[in-house]
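All remarks here apply to the structure that follows.
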Amino acid sequence: MVTKETATKRTTLMNVLWDIQRKRRFISRDDMKKISSEFNISMIELEGVISFYHFFHLSDAGKYTIYLNCSTISQHKDYQDVKKAFQDELGILIGNVTQDKLFGFFKTSCIGLSDQESSALINFYPFTNLTPSKVKNIISKLKQGHSLESLSDFPKDNIQYTPKEEGKTIFFKKYNKGEGLKKLIALNQVEVIDLVKKSKLSGRGGAFFPTGMKWQFCKDNESDQKYIICNADEGEPGTFKDRALLNQYPGLLIEGMTIAGYAVGATEGTIYLRAEYLFLKNKIEKTIKEFNKDGLLGKNILGIEGFNFEVTIHMGAGAYVCGEETALIASMEGKRGEPTTKEYFPVEKGYLGKPTVVNNVETLCAVPRILEMGLDNYLKIGTNATPGTKLLSVSGDCDKPGVYEIEWGMKLKDFLKLTGAKDTQMVLFNGFSGEFLSEVDFDREISGENLLAEHIQFTFEDPIEYSQKMSGVGLRSGGSFMIFNKERDLISILKNITKFFVAESCGICVPCRTGNFLLNKKINKIMLCHADKDDLDEIKEWSTIIKQSSRCGLGKTSTNCLLTAMLKFPGEFQKCLLAESDINQSFDLEKSTEIYDSIIHEIESSYE
Amino acid sequence: MNNLINITIDGKKFQVHEGKNLVDAAKENGVYIPTLCHFHEVNPPLGTCRICTVIVNGKTTTSCTTKVYEGMKVEINTPELLNTRKAIIEMLFAEGNHFCPSCEKSGHCDMQNLSYDMGITNTRFPHVYSNKVIDFTSDRMIMESNRCILCKRCVEEIKTNDGKNVFSFVSRGVKTRVRIDYNEEAKLTDSQAMHAMNLCPVGAILIKGMIYEQPFGNRKYDIVGKDKDVHVIDRFKKRQDENKFIVATTSLAGCFGCHMSLLDIDTEILDVLEIVEFNKSPLTDIKKFSKRCDVGLIEGGCANSENIEVLKEFRKKCDILIGFGECAIMGGIPAMRNFVPLKECLEEAYINGLTSEIGANIIPNHEDIPKLLNNVYPCNEIVKIDYFIPGCPPSAKHIWKVIKNILLNEEYSIAHEEFKYD
Ligand SMILES: Cc1cc2nc3c(=O)[nH]c(=O)nc-3n(C[C@H](O)[C@H](O)[C@H](O)COP(=O)(O)O)c2cc1C
Ligand code: SF4
Ligand code: SF4
Ligand code: SF4
Ligand code: FES
């Protein structure tokens with residue numbers, strides 16, 4: 001029976017699982033028995049939770065658990081060689097554990113280090129810019145007993161650019177603790193929300209929902225308890241700008257959350273930090289402590305009577321879908337990270353059924369800055385629909401990968417120049433759930449101006465019509481910006497993308513769960529030159545069906561890349577199409593009788 | 001709750017009760033929206049199956065999770081939406097391993113009924129054929145994962161008296177399965193267990209010994225059903241002359257049951273012969289094509305190398321290919337071996353099986369014996385199939401009706417009874 005007490009207790013389940021996972025490298029049946037009786041849930045429900053998360057293991061994952069990033073950018077750097085080096089050094093194939101249980105070697109989706117690939121996590125210590133010789137060194141040192149801490153590379157922030165004009169930088173400038181927060185002394189709840197509304201700040205997690213409006217809804221919902229959650233799951237491949245913010249300005253984030261709490265009437269805040277960023281946890285915790293000590297968190301903050309706010313950290317455990325706000329809440333509640341049907345939005349019924357604001361790290365960090373610099377100064381920066389600046393995480397084929405703070409309104413081609421990209425074939429804008437941009441888009445500006453309704457964007461059949469209709473339309477991104485030069489093969493990138501969605505789909509609804517799996521097979525067919533025109537038509541049809549009928553944003557956007565790539569780079573898909581045929585040309589009789597042949601071979605050789 | 005509000009469905013205006021969900025509100029007004037995971041007891045609704053996808057104010061959404069509101073504009077039966085909903089069911093068939101002719105739930109199954117209703121004869125998606133277990137461990141209950149559509153009904157609804165879940169989703173993505181907690185399951189009363197079986201919209205949860213409580217013929221969906229129109233393909237040039245139509249038939253990996261059924265029209269075969277001449281077919285014992293054929297009838301799927309060659313030859317020699325019977329369309333009974341290692345299959349058949357001679361130790365092989373394929377495939381995964389006649393076997397009348405209509409290029413509709421299993 002779910003009561004208030006059991007629900008609250010259940011929120012600690014992930015922590016308990018993490019403790020055991022870290023201590024023992026897996027969660028055994030015996031541990032599970034104890035936990036299930038402790039939490040009063042059935043064994044199978046517990047197994048359901050554990051098996052949902054990539055980083056929880058049901059069998060020994062090795063004293064040193066290695067996760068190598070297998071996502072596109074890493075593939076384009078040294079993934080294959082690095083993988084081989086690990087395999088050679090350890091004597092096991094990826095996905096396995098050495099016999100002495102010393103090392104486990106697994107692949108994982110983007111770990112937020114695309115600016116320093118190839119990268120890996122070993123027991124969640126980051127290792128960047130890996131090469132085969134570096135791998136060799138790491139493994140031999142580990143075997144000699146060196147500590148992970150001494151061997152690991154603390155990731156650089158790689159902040160490459162901030163606006164050149166005086167006063168236009170918002171995030172990456174000097175931070176004085178409490179400066180933004182202190183402005184609250186002169187503002188009441190309504191005034192704060194009003195200010196955020198007027199700033200036109202909108203969700204930087206990628207959905208761009210107006211932040212002021214979100215806070216207003218939450219404030220208007222009466223409740224004895226409300227929550228602020230900072231979405232630091234940063235799972236979209238190619239995004240790492242939140243990593244830089246968390247590392248450089250944890251205080252700014254805490255202020256942002258506290259201001260949100262003040263505005264909507266919440267007293268508890270949680271940072272949902274992706275497991276891949278465990279290396280940032282200490283620093284954030286330390287900052288929280290300092291804030292408590294300085295009276296910037298805790299009770300009667302800034303001496304304002306009744307203004308109480310606490311911040312805690314909740315660790316994720318490896319699930320991209322947990323970046324989706326309702327899945328994130330389910331995960332915090334100690335459940336499988338499945339998105340809800342949106343009967344209610346989090347601002348109505350969120351964490352533990354109470355009104356909850358979920359905001360991205362960048363969104364929350366912007367708020368104290370706006371307070372600090374004043375609304376008027378803020379509105380002078382950027383464009384009309386999108387004032388201010390935007391953080392972009394740049395990776396791929398360019399001279400200067402890293403984090404860029406740019407004023408909204410910059411032309412795409414100018415931005416590309418900044419990054420030192422040459423021979424650019426395409427840009428994957430907004431991550432794997434975003435879209436492919438080609439030369440026809442390079443004159444467009446990065447802003448929220450003149451946007452079209454989302455479903456219109458995907459109705460274009462004709463590239464020329466597309467470029468005419470879209471030329472004046474702004475481009476918005478949650479932060480991922482991957483650049484690919486003319487040597488890169490689009491189809492293999494698409495394969496990496498569909499594979500990602502196959503691995504990350506939560507499995508609740510069939511279009512996303514199996515649709516993406518089937519699309520992945522279709523892409524294989526194209527790669528092997530077994531496809532014909534019918535296959536391309538089917539890819540389009542299936543992609544649209546997945547988009548229309550999936551339950552959450554993951555499924556709805558999982559085919560965006562594919563659809564935009566087909567529109568903009570039709571030639572890449574037609575490179576090795578077969579003539580249309582009534583016979584499935586990918587069926588290979590010889591391959592399909594391999595097992596039989598080997599059985600017969602085995603029998604025959606046993607006669608001799 | 002009793003406030004009436006105005007909504008528009010497919011251009012027609014309706015008054016509905018405020019606060020209801022769209023499925024129920026539409027139903028009260030005689031408008032049907034297909035559903036699968038939705039059932040009245042659960043609130044909030046599950047929203048897992050996506051069958052009830054409609055367009056509300058220009059955006060696609062599911063109607064079981066959407067509450068009606070004033071001024072709402074709903075589109076339900078646009079050609080695109082009909083196609084999307086059909087595709088979702090087809091995808092469920094491709095994802096699971098559904099062999100209706102041997103399924104205990106047939107006639108009681110919500111998914112089977114929906115597919116009859118939507119006129120689904122095959123799936124446009126290639127079968128995934130993933131290995132899913134049938135779990136007999138529990139004393140009372142069988143979990144047949146091959147058929148589970150992950151609707152989540154059992155997970156949300158079936159709890160022990162002390163509030164623990166008996167079922168849970170395990171893993172994620174394509175690997176997601178529903179599993180039973182044996183200890184908790186043992187705590188259920190018999191009627192709770194029966195409730196679980198009846199709750200499952202497909203044949204995934206079965207109670208040992210209770211499966212045939214209600215005999216075939218008396219089941220929930222045995223009487224209902226509508227006629228379905230099938231779109232006619234004009235691959236085929238209408239004959240002007242007096243020549244007969246040439247038909248070829250073959251049985252690949254099937255049991256010849258479909259061919260038996262073909263002959264079941266008794267003396268009417270004489271009428272058929274008025275307009276039809278058989279070429280290559282087991283009925284005529286003609287082994288080789290001697291001319292181009294108008295229609296090729298395929299029974300059975302592809303289990304070995306010879307099946308593949310014959311099927312490809314049929315595709316080349318026939319204008320229209322018709323797959324008839326479950327095995328041709330879905331792989332059918334032979335495809336059940338897809339989940340057992342090939343070696344085990346052979347050993348069971350030739351060495352360990354009850355019917356093999358004592359002391360037998362030879363798995364026959366010779367270059368003249370066709371090689372078994374790694375998997376058994378439905379015909380349309382090897383060549384393009386133009387029409388499908390489902391059934392196990394389809395009735396003779398039905399088969400000939402379809403063929404006649406195709407030959408004469410006429411629109412036709414299939415009555416529900418003709419089109420049914422069991
Ligand atoms: C599949 C999926 C993954 C998401 N991942 C993230 C994420 O990693 N970080 C994030 O801030 N928002 C993510 N979002 C968006 C969140 O659902 C939510 O809109 C956001 O956290 C709200 O904060 P904002 O309004 O400040 O952007 C994701 C959404 C979906 C559908
Ligand atoms: S769209 Fe994908 S991730 Fe979202 S609910 Fe469906 S299966 Fe889960
Ligand atoms: S559950 Fe049984 S009756 Fe229903 S579709 Fe599957 S195989 Fe057919
Ligand atoms: S076992 Fe049946 S009720 Fe449970 S999720 Fe599967 S299909 Fe639904
Ligand atoms: S009936 Fe609406 S999603 Fe299943």
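Simple scheme: letters A, B, ... for chains in structure tokens order, numbers from 1 for residues in each chain, numbers from 1 for ligands in the order shown.
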
Q: Starting from chain A, keep only residues with some atom at most 7 Å from an atom of chain B, counting only C-alpha atoms, and report them as a PyMOL selection string.
A: chain A and resi 1+41-45+47-48+51-52+341+343+502-511+513-514+545+548-549+582-584+587+589+592-593+595-596+599

Limited to N, CA, C and O atoms, could you put the picked residues into a file as a compact mmCIF listing (two decimals), in the first residue's frame?
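Now in out_34.txt:
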```
# COMPACT_ATOMS: atom_id res chain seq x y z
N MET A 1 0.85 -1.20 0.00
CA MET A 1 0.00 0.00 0.00
C MET A 1 0.90 1.26 0.00
O MET A 1 1.80 1.36 0.80
N ILE A 41 8.56 -4.01 -0.75
CA ILE A 41 8.11 -4.19 -2.13
C ILE A 41 8.49 -5.59 -2.58
O ILE A 41 9.35 -6.23 -1.97
N SER A 42 7.85 -6.07 -3.63
CA SER A 42 8.16 -7.42 -4.06
C SER A 42 9.52 -7.45 -4.76
O SER A 42 9.99 -6.44 -5.26
N MET A 43 10.12 -8.64 -4.75
CA MET A 43 11.43 -8.81 -5.37
C MET A 43 11.39 -8.39 -6.84
O MET A 43 12.32 -7.79 -7.36
N ILE A 44 10.31 -8.74 -7.49
CA ILE A 44 10.27 -8.49 -8.93
C ILE A 44 10.16 -6.99 -9.21
O ILE A 44 10.73 -6.48 -10.17
N GLU A 45 9.47 -6.29 -8.34
CA GLU A 45 9.37 -4.84 -8.53
C GLU A 45 10.76 -4.22 -8.35
O GLU A 45 11.17 -3.35 -9.12
N GLU A 47 13.61 -5.74 -8.86
CA GLU A 47 14.42 -6.10 -10.02
C GLU A 47 14.06 -5.21 -11.20
O GLU A 47 14.93 -4.82 -11.99
N GLY A 48 12.78 -4.87 -11.29
CA GLY A 48 12.34 -3.96 -12.33
C GLY A 48 13.06 -2.63 -12.26
O GLY A 48 13.48 -2.08 -13.28
N SER A 51 17.02 -3.19 -12.98
CA SER A 51 17.36 -3.52 -14.37
C SER A 51 17.04 -2.37 -15.32
O SER A 51 17.41 -2.42 -16.49
N PHE A 52 16.36 -1.36 -14.82
CA PHE A 52 16.06 -0.22 -15.70
C PHE A 52 17.30 0.64 -15.93
O PHE A 52 17.46 1.25 -16.97
N THR A 341 1.88 9.77 -18.57
CA THR A 341 1.05 10.11 -19.73
C THR A 341 0.68 11.59 -19.74
O THR A 341 -0.14 12.02 -20.53
N GLU A 343 -1.09 13.27 -17.70
CA GLU A 343 -2.41 13.63 -17.19
C GLU A 343 -2.28 14.95 -16.43
O GLU A 343 -3.14 15.81 -16.48
N VAL A 502 17.42 2.92 -29.56
CA VAL A 502 17.06 1.54 -29.22
C VAL A 502 17.52 1.25 -27.79
O VAL A 502 16.80 0.68 -26.98
N ALA A 503 18.73 1.71 -27.46
CA ALA A 503 19.27 1.43 -26.13
C ALA A 503 18.56 2.25 -25.05
O ALA A 503 18.44 1.80 -23.91
N GLU A 504 18.09 3.44 -25.40
CA GLU A 504 17.59 4.33 -24.37
C GLU A 504 16.07 4.39 -24.25
O GLU A 504 15.55 5.02 -23.33
N SER A 505 15.35 3.80 -25.19
CA SER A 505 13.89 3.78 -25.08
C SER A 505 13.51 3.10 -23.77
O SER A 505 14.11 2.10 -23.40
N CYS A 506 12.53 3.65 -23.09
CA CYS A 506 12.17 3.05 -21.80
C CYS A 506 11.40 1.75 -21.99
O CYS A 506 11.30 0.95 -21.08
N GLY A 507 10.83 1.57 -23.17
CA GLY A 507 10.17 0.30 -23.46
C GLY A 507 8.68 0.28 -23.16
O GLY A 507 8.04 -0.76 -23.28
N ILE A 508 8.13 1.42 -22.81
CA ILE A 508 6.71 1.42 -22.46
C ILE A 508 5.80 1.34 -23.68
O ILE A 508 4.77 0.71 -23.65
N CYS A 509 6.17 2.01 -24.77
CA CYS A 509 5.23 2.01 -25.89
C CYS A 509 5.88 1.45 -27.15
O CYS A 509 7.05 1.67 -27.42
N VAL A 510 5.07 0.72 -27.90
CA VAL A 510 5.62 -0.07 -29.00
C VAL A 510 6.22 0.76 -30.14
O VAL A 510 7.25 0.36 -30.70
N PRO A 511 5.66 1.92 -30.50
CA PRO A 511 6.27 2.63 -31.63
C PRO A 511 7.74 2.97 -31.37
O PRO A 511 8.59 2.79 -32.25
N ARG A 513 9.69 1.63 -28.80
CA ARG A 513 10.44 0.44 -28.38
C ARG A 513 10.87 -0.40 -29.58
O ARG A 513 12.04 -0.71 -29.74
N THR A 514 9.93 -0.75 -30.43
CA THR A 514 10.24 -1.63 -31.55
C THR A 514 10.42 -0.86 -32.84
O THR A 514 11.20 -1.26 -33.70
N ILE A 545 5.18 7.49 -38.29
CA ILE A 545 4.30 6.78 -37.35
C ILE A 545 4.87 6.83 -35.93
O ILE A 545 4.16 7.10 -34.96
N GLN A 548 4.32 10.25 -34.52
CA GLN A 548 2.92 10.56 -34.20
C GLN A 548 2.44 9.85 -32.95
O GLN A 548 1.65 10.39 -32.20
N SER A 549 2.90 8.62 -32.76
CA SER A 549 2.20 7.83 -31.76
C SER A 549 3.01 7.53 -30.50
O SER A 549 2.49 6.90 -29.60
N ASP A 582 10.77 -7.25 -56.78
CA ASP A 582 9.76 -7.94 -55.98
C ASP A 582 10.40 -8.92 -55.02
O ASP A 582 9.73 -9.59 -54.27
N ILE A 583 11.71 -9.02 -55.11
CA ILE A 583 12.40 -9.99 -54.27
C ILE A 583 13.27 -9.24 -53.26
O ILE A 583 13.94 -8.28 -53.62
N ASN A 584 13.21 -9.63 -52.03
CA ASN A 584 14.00 -8.99 -50.99
C ASN A 584 15.47 -9.31 -51.20
O ASN A 584 15.93 -10.43 -50.97
N PHE A 587 18.11 -10.67 -48.51
CA PHE A 587 18.10 -12.04 -47.98
C PHE A 587 19.24 -12.83 -48.58
O PHE A 587 19.33 -12.98 -49.79
N LEU A 589 20.94 -16.31 -48.83
CA LEU A 589 20.68 -17.72 -48.56
C LEU A 589 21.86 -18.39 -47.86
O LEU A 589 21.69 -19.17 -46.93
N SER A 592 21.94 -17.51 -44.33
CA SER A 592 20.78 -18.04 -43.61
C SER A 592 20.88 -19.53 -43.37
O SER A 592 20.03 -20.10 -42.69
N THR A 593 21.86 -20.19 -43.99
CA THR A 593 22.00 -21.62 -43.70
C THR A 593 23.30 -21.90 -42.95
O THR A 593 23.70 -23.06 -42.82
N ILE A 595 24.12 -21.82 -39.79
CA ILE A 595 24.05 -22.67 -38.60
C ILE A 595 23.91 -24.13 -39.01
O ILE A 595 24.61 -25.01 -38.50
N TYR A 596 23.01 -24.35 -39.98
CA TYR A 596 22.81 -25.72 -40.46
C TYR A 596 24.12 -26.29 -40.99
O TYR A 596 24.51 -27.41 -40.63
N ILE A 599 26.40 -27.30 -38.23
CA ILE A 599 25.98 -28.52 -37.52
C ILE A 599 26.36 -29.75 -38.35
O ILE A 599 26.93 -30.72 -37.84
```

Please report, as a CSV table (one decimal) with N, CA, C and O atoms, in the first residue's frame, each residue of region 70-241 of chain B to which DSSP assigns strand (DSSP E or B) when run on this structure's backbone.
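Final output, saved to states-v6.csv:
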```csv
chain,number,residue,atom,x,y,z
B,73,LYS,N,-11.4,20.1,-30.8
B,73,LYS,CA,-11.6,19.5,-32.2
B,73,LYS,C,-10.8,18.2,-32.3
B,73,LYS,O,-9.6,18.2,-32.2
B,74,VAL,N,-11.6,17.2,-32.6
B,74,VAL,CA,-10.9,15.9,-32.7
B,74,VAL,C,-11.0,15.3,-34.1
B,74,VAL,O,-12.1,15.3,-34.7
B,75,GLU,N,-10.0,14.7,-34.5
B,75,GLU,CA,-10.0,13.9,-35.8
B,75,GLU,C,-9.7,12.5,-35.4
B,75,GLU,O,-8.7,12.2,-34.8
B,134,ILE,N,8.7,-18.7,-22.1
B,134,ILE,CA,7.4,-19.1,-21.5
B,134,ILE,C,7.7,-19.6,-20.2
B,134,ILE,O,8.5,-20.6,-20.0
B,135,ASP,N,7.2,-18.9,-19.1
B,135,ASP,CA,7.6,-19.2,-17.8
B,135,ASP,C,6.6,-20.1,-17.1
B,135,ASP,O,5.5,-19.6,-16.8
B,141,MET,N,0.4,-20.4,-12.5
B,141,MET,CA,0.3,-19.4,-13.6
B,141,MET,C,1.4,-19.6,-14.6
B,141,MET,O,2.5,-20.0,-14.3
B,142,ILE,N,1.0,-19.4,-15.9
B,142,ILE,CA,2.0,-19.4,-16.9
B,142,ILE,C,2.2,-18.0,-17.5
B,142,ILE,O,1.2,-17.3,-17.7
B,143,MET,N,3.4,-17.6,-17.6
B,143,MET,CA,3.7,-16.3,-18.2
B,143,MET,C,4.2,-16.5,-19.7
B,143,MET,O,5.3,-17.0,-19.8
B,144,GLU,N,3.4,-16.2,-20.6
B,144,GLU,CA,3.8,-16.5,-22.0
B,144,GLU,C,4.3,-15.2,-22.6
B,144,GLU,O,3.5,-14.4,-23.3
B,159,LYS,N,-2.3,-6.9,-7.3
B,159,LYS,CA,-1.4,-6.8,-6.1
B,159,LYS,C,-1.9,-7.9,-5.1
B,159,LYS,O,-3.0,-8.3,-5.1
B,165,ASN,N,3.4,-5.8,-5.5
B,165,ASN,CA,3.2,-6.1,-6.9
B,165,ASN,C,3.5,-7.5,-7.2
B,165,ASN,O,4.6,-8.0,-6.8
B,167,PHE,N,3.4,-8.6,-10.6
B,167,PHE,CA,4.1,-8.5,-11.9
B,167,PHE,C,4.9,-7.2,-12.0
B,167,PHE,O,4.5,-6.2,-11.3
B,168,SER,N,5.9,-7.2,-12.7
B,168,SER,CA,6.7,-6.0,-13.0
B,168,SER,C,7.3,-6.0,-14.3
B,168,SER,O,7.7,-7.1,-14.8
B,169,PHE,N,7.5,-4.8,-14.9
B,169,PHE,CA,8.4,-4.7,-16.0
B,169,PHE,C,9.8,-4.9,-15.6
B,169,PHE,O,10.2,-4.5,-14.5
B,170,VAL,N,10.6,-5.6,-16.4
B,170,VAL,CA,12.0,-5.8,-16.1
B,170,VAL,C,12.8,-5.4,-17.3
B,170,VAL,O,12.4,-5.6,-18.4
B,177,ARG,N,10.4,-6.9,-20.5
B,177,ARG,CA,9.5,-8.0,-20.3
B,177,ARG,C,8.7,-7.8,-19.1
B,177,ARG,O,9.1,-7.1,-18.1
B,178,VAL,N,7.6,-8.5,-19.0
B,178,VAL,CA,6.8,-8.6,-17.8
B,178,VAL,C,7.2,-9.9,-17.1
B,178,VAL,O,7.2,-11.0,-17.8
B,179,ARG,N,7.5,-9.8,-15.8
B,179,ARG,CA,7.9,-11.1,-15.1
B,179,ARG,C,7.0,-11.2,-13.9
B,179,ARG,O,6.5,-10.3,-13.3
B,180,ILE,N,6.8,-12.5,-13.5
B,180,ILE,CA,6.1,-12.8,-12.3
B,180,ILE,C,7.0,-12.9,-11.1
B,180,ILE,O,8.1,-13.4,-11.2
B,205,ILE,N,-1.0,-14.1,-19.8
B,205,ILE,CA,-1.2,-14.7,-18.5
B,205,ILE,C,-2.2,-15.8,-18.5
B,205,ILE,O,-3.3,-15.6,-19.0
B,206,LEU,N,-1.7,-17.0,-18.2
B,206,LEU,CA,-2.6,-18.2,-18.3
B,206,LEU,C,-2.7,-18.9,-17.0
B,206,LEU,O,-1.6,-19.0,-16.3
B,207,ILE,N,-3.8,-19.4,-16.6
B,207,ILE,CA,-3.9,-20.1,-15.3
B,207,ILE,C,-4.1,-21.6,-15.7
B,207,ILE,O,-4.9,-22.0,-16.5
B,228,LYS,N,-15.1,-6.5,-44.2
B,228,LYS,CA,-13.9,-5.6,-44.5
B,228,LYS,C,-13.7,-5.5,-46.0
B,228,LYS,O,-13.8,-6.5,-46.7
B,229,ASP,N,-13.5,-4.3,-46.4
B,229,ASP,CA,-13.1,-4.2,-47.9
B,229,ASP,C,-11.6,-4.3,-48.0
B,229,ASP,O,-10.9,-3.8,-47.1
```

(Q) As an exercise, work out the distance from CA of Ala531 (chain A) to CA of Leu567 (chain A) in Å and give it to one decimal place. (A) 17.6 Å

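The residue set within 9 Å of Lys244 (chain B), counting only C-alpha atoms and dropping same-chain residues fewer than 6 places from it, reads B:Leu273, B:Glu274, B:Ile275, B:Val276, B:Glu277.
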
Export of the given selection (all heavy atoms) as a PDB file, in the first residue's frame:
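Result file follows (part-v1.pdb):
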```
ATOM      1  N   LEU B 273     -12.882 -25.094 -62.504  1.00  0.00           N
ATOM      2  CA  LEU B 273     -12.104 -25.539 -63.661  1.00  0.00           C
ATOM      3  C   LEU B 273     -12.619 -24.955 -64.977  1.00  0.00           C
ATOM      4  O   LEU B 273     -11.929 -24.973 -65.987  1.00  0.00           O
ATOM      5  CB  LEU B 273     -12.052 -27.058 -63.719  1.00  0.00           C
ATOM      6  CG  LEU B 273     -11.154 -27.673 -62.636  1.00  0.00           C
ATOM      7  CD1 LEU B 273     -11.269 -29.198 -62.632  1.00  0.00           C
ATOM      8  CD2 LEU B 273      -9.698 -27.261 -62.817  1.00  0.00           C
ATOM      9  N   GLU B 274     -13.853 -24.459 -64.956  1.00  0.00           N
ATOM     10  CA  GLU B 274     -14.380 -23.766 -66.134  1.00  0.00           C
ATOM     11  C   GLU B 274     -13.516 -22.558 -66.493  1.00  0.00           C
ATOM     12  O   GLU B 274     -13.318 -22.266 -67.660  1.00  0.00           O
ATOM     13  CB  GLU B 274     -15.809 -23.266 -65.873  1.00  0.00           C
ATOM     14  CG  GLU B 274     -16.836 -24.353 -65.726  1.00  0.00           C
ATOM     15  CD  GLU B 274     -17.274 -24.896 -67.079  1.00  0.00           C
ATOM     16  OE1 GLU B 274     -17.688 -24.076 -67.922  1.00  0.00           O
ATOM     17  OE2 GLU B 274     -17.160 -26.119 -67.292  1.00  0.00           O
ATOM     18  N   ILE B 275     -13.064 -21.865 -65.465  1.00  0.00           N
ATOM     19  CA  ILE B 275     -12.322 -20.635 -65.769  1.00  0.00           C
ATOM     20  C   ILE B 275     -10.834 -20.744 -65.451  1.00  0.00           C
ATOM     21  O   ILE B 275     -10.060 -19.871 -65.805  1.00  0.00           O
ATOM     22  CB  ILE B 275     -12.911 -19.398 -65.037  1.00  0.00           C
ATOM     23  CG1 ILE B 275     -12.932 -19.618 -63.523  1.00  0.00           C
ATOM     24  CG2 ILE B 275     -14.295 -19.056 -65.544  1.00  0.00           C
ATOM     25  CD1 ILE B 275     -13.078 -18.306 -62.754  1.00  0.00           C
ATOM     26  N   VAL B 276     -10.447 -21.791 -64.771  1.00  0.00           N
ATOM     27  CA  VAL B 276      -9.068 -21.879 -64.311  1.00  0.00           C
ATOM     28  C   VAL B 276      -8.364 -23.104 -64.863  1.00  0.00           C
ATOM     29  O   VAL B 276      -8.952 -24.177 -64.955  1.00  0.00           O
ATOM     30  CB  VAL B 276      -9.038 -21.924 -62.762  1.00  0.00           C
ATOM     31  CG1 VAL B 276      -7.695 -22.427 -62.259  1.00  0.00           C
ATOM     32  CG2 VAL B 276      -9.331 -20.561 -62.191  1.00  0.00           C
ATOM     33  N   GLU B 277      -7.122 -22.913 -65.242  1.00  0.00           N
ATOM     34  CA  GLU B 277      -6.305 -24.060 -65.612  1.00  0.00           C
ATOM     35  C   GLU B 277      -5.123 -24.106 -64.645  1.00  0.00           C
ATOM     36  O   GLU B 277      -4.489 -23.092 -64.399  1.00  0.00           O
ATOM     37  CB  GLU B 277      -5.814 -23.865 -67.049  1.00  0.00           C
ATOM     38  CG  GLU B 277      -4.772 -24.879 -67.484  1.00  0.00           C
ATOM     39  CD  GLU B 277      -4.088 -24.462 -68.794  1.00  0.00           C
ATOM     40  OE1 GLU B 277      -4.746 -23.811 -69.645  1.00  0.00           O
ATOM     41  OE2 GLU B 277      -2.892 -24.757 -68.937  1.00  0.00           O
TER      42      GLU B 277
END
```

Q: May I have all residues of region 52-182 of chain A that DSSP, computed from the backbone, assigns to alpha helix (DSSP H), given as a VMD selection string?
A: chain A and resid 52 72 to 76 79 to 90 132 to 144 148 to 151 179 to 182

Q) Quick one: residues within 8 Å of ligand 1, with only C-alpha atoms and all ligand atoms, as a PyMOL selection string? A) chain A and resi 202-211+214+230-236+320-326+358-364+478+552-555+557

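Residues in contact with Leu536 (chain A) at up to 9 Å, not including ones fewer than 4 positions away on its chain and judged by only C-alpha atoms, are Lys522, Ile526, Ala531, Asp532, Lys540, Glu541, Met566, Phe573 and Gln574 of chain A.
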
For N, CA and C atoms, I'd like the residues from the last selection saved as a short mmCIF file (atom, residue, chain, number, x, y, z; two decimals), in the first residue's frame.
```
data_model
loop_
_atom_site.label_atom_id
_atom_site.label_comp_id
_atom_site.auth_asym_id
_atom_site.auth_seq_id
_atom_site.Cartn_x
_atom_site.Cartn_y
_atom_site.Cartn_z
N LYS A 522 16.68 -1.22 -40.88
CA LYS A 522 16.57 -0.63 -42.22
C LYS A 522 17.87 0.09 -42.59
N ILE A 526 20.53 -0.26 -45.75
CA ILE A 526 21.09 0.77 -46.64
C ILE A 526 22.61 0.67 -46.65
N ALA A 531 19.21 -2.09 -49.99
CA ALA A 531 17.91 -1.43 -49.95
C ALA A 531 17.49 -0.98 -51.34
N ASP A 532 16.19 -0.83 -51.54
CA ASP A 532 15.72 -0.18 -52.75
C ASP A 532 14.78 0.97 -52.37
N LYS A 540 10.50 6.54 -44.23
CA LYS A 540 9.75 7.78 -44.00
C LYS A 540 8.43 7.49 -43.31
N GLU A 541 7.73 6.49 -43.82
CA GLU A 541 6.42 6.18 -43.25
C GLU A 541 6.57 5.76 -41.78
N MET A 566 17.05 12.77 -44.56
CA MET A 566 16.52 12.30 -45.84
C MET A 566 16.11 13.46 -46.72
N PHE A 573 21.41 8.66 -49.40
CA PHE A 573 20.58 7.46 -49.26
C PHE A 573 20.48 6.69 -50.57
N GLN A 574 20.77 7.43 -51.67
CA GLN A 574 20.60 6.77 -52.97
C GLN A 574 21.91 6.23 -53.52
#
```

Q | Cut-off 6 Å, only C-alpha atoms and all ligand atoms, neighbours of ligand 3 as JSON, numbers by chain | A | {"B": [98, 99, 100, 103, 105, 106, 109, 111, 112, 147, 202, 203]}
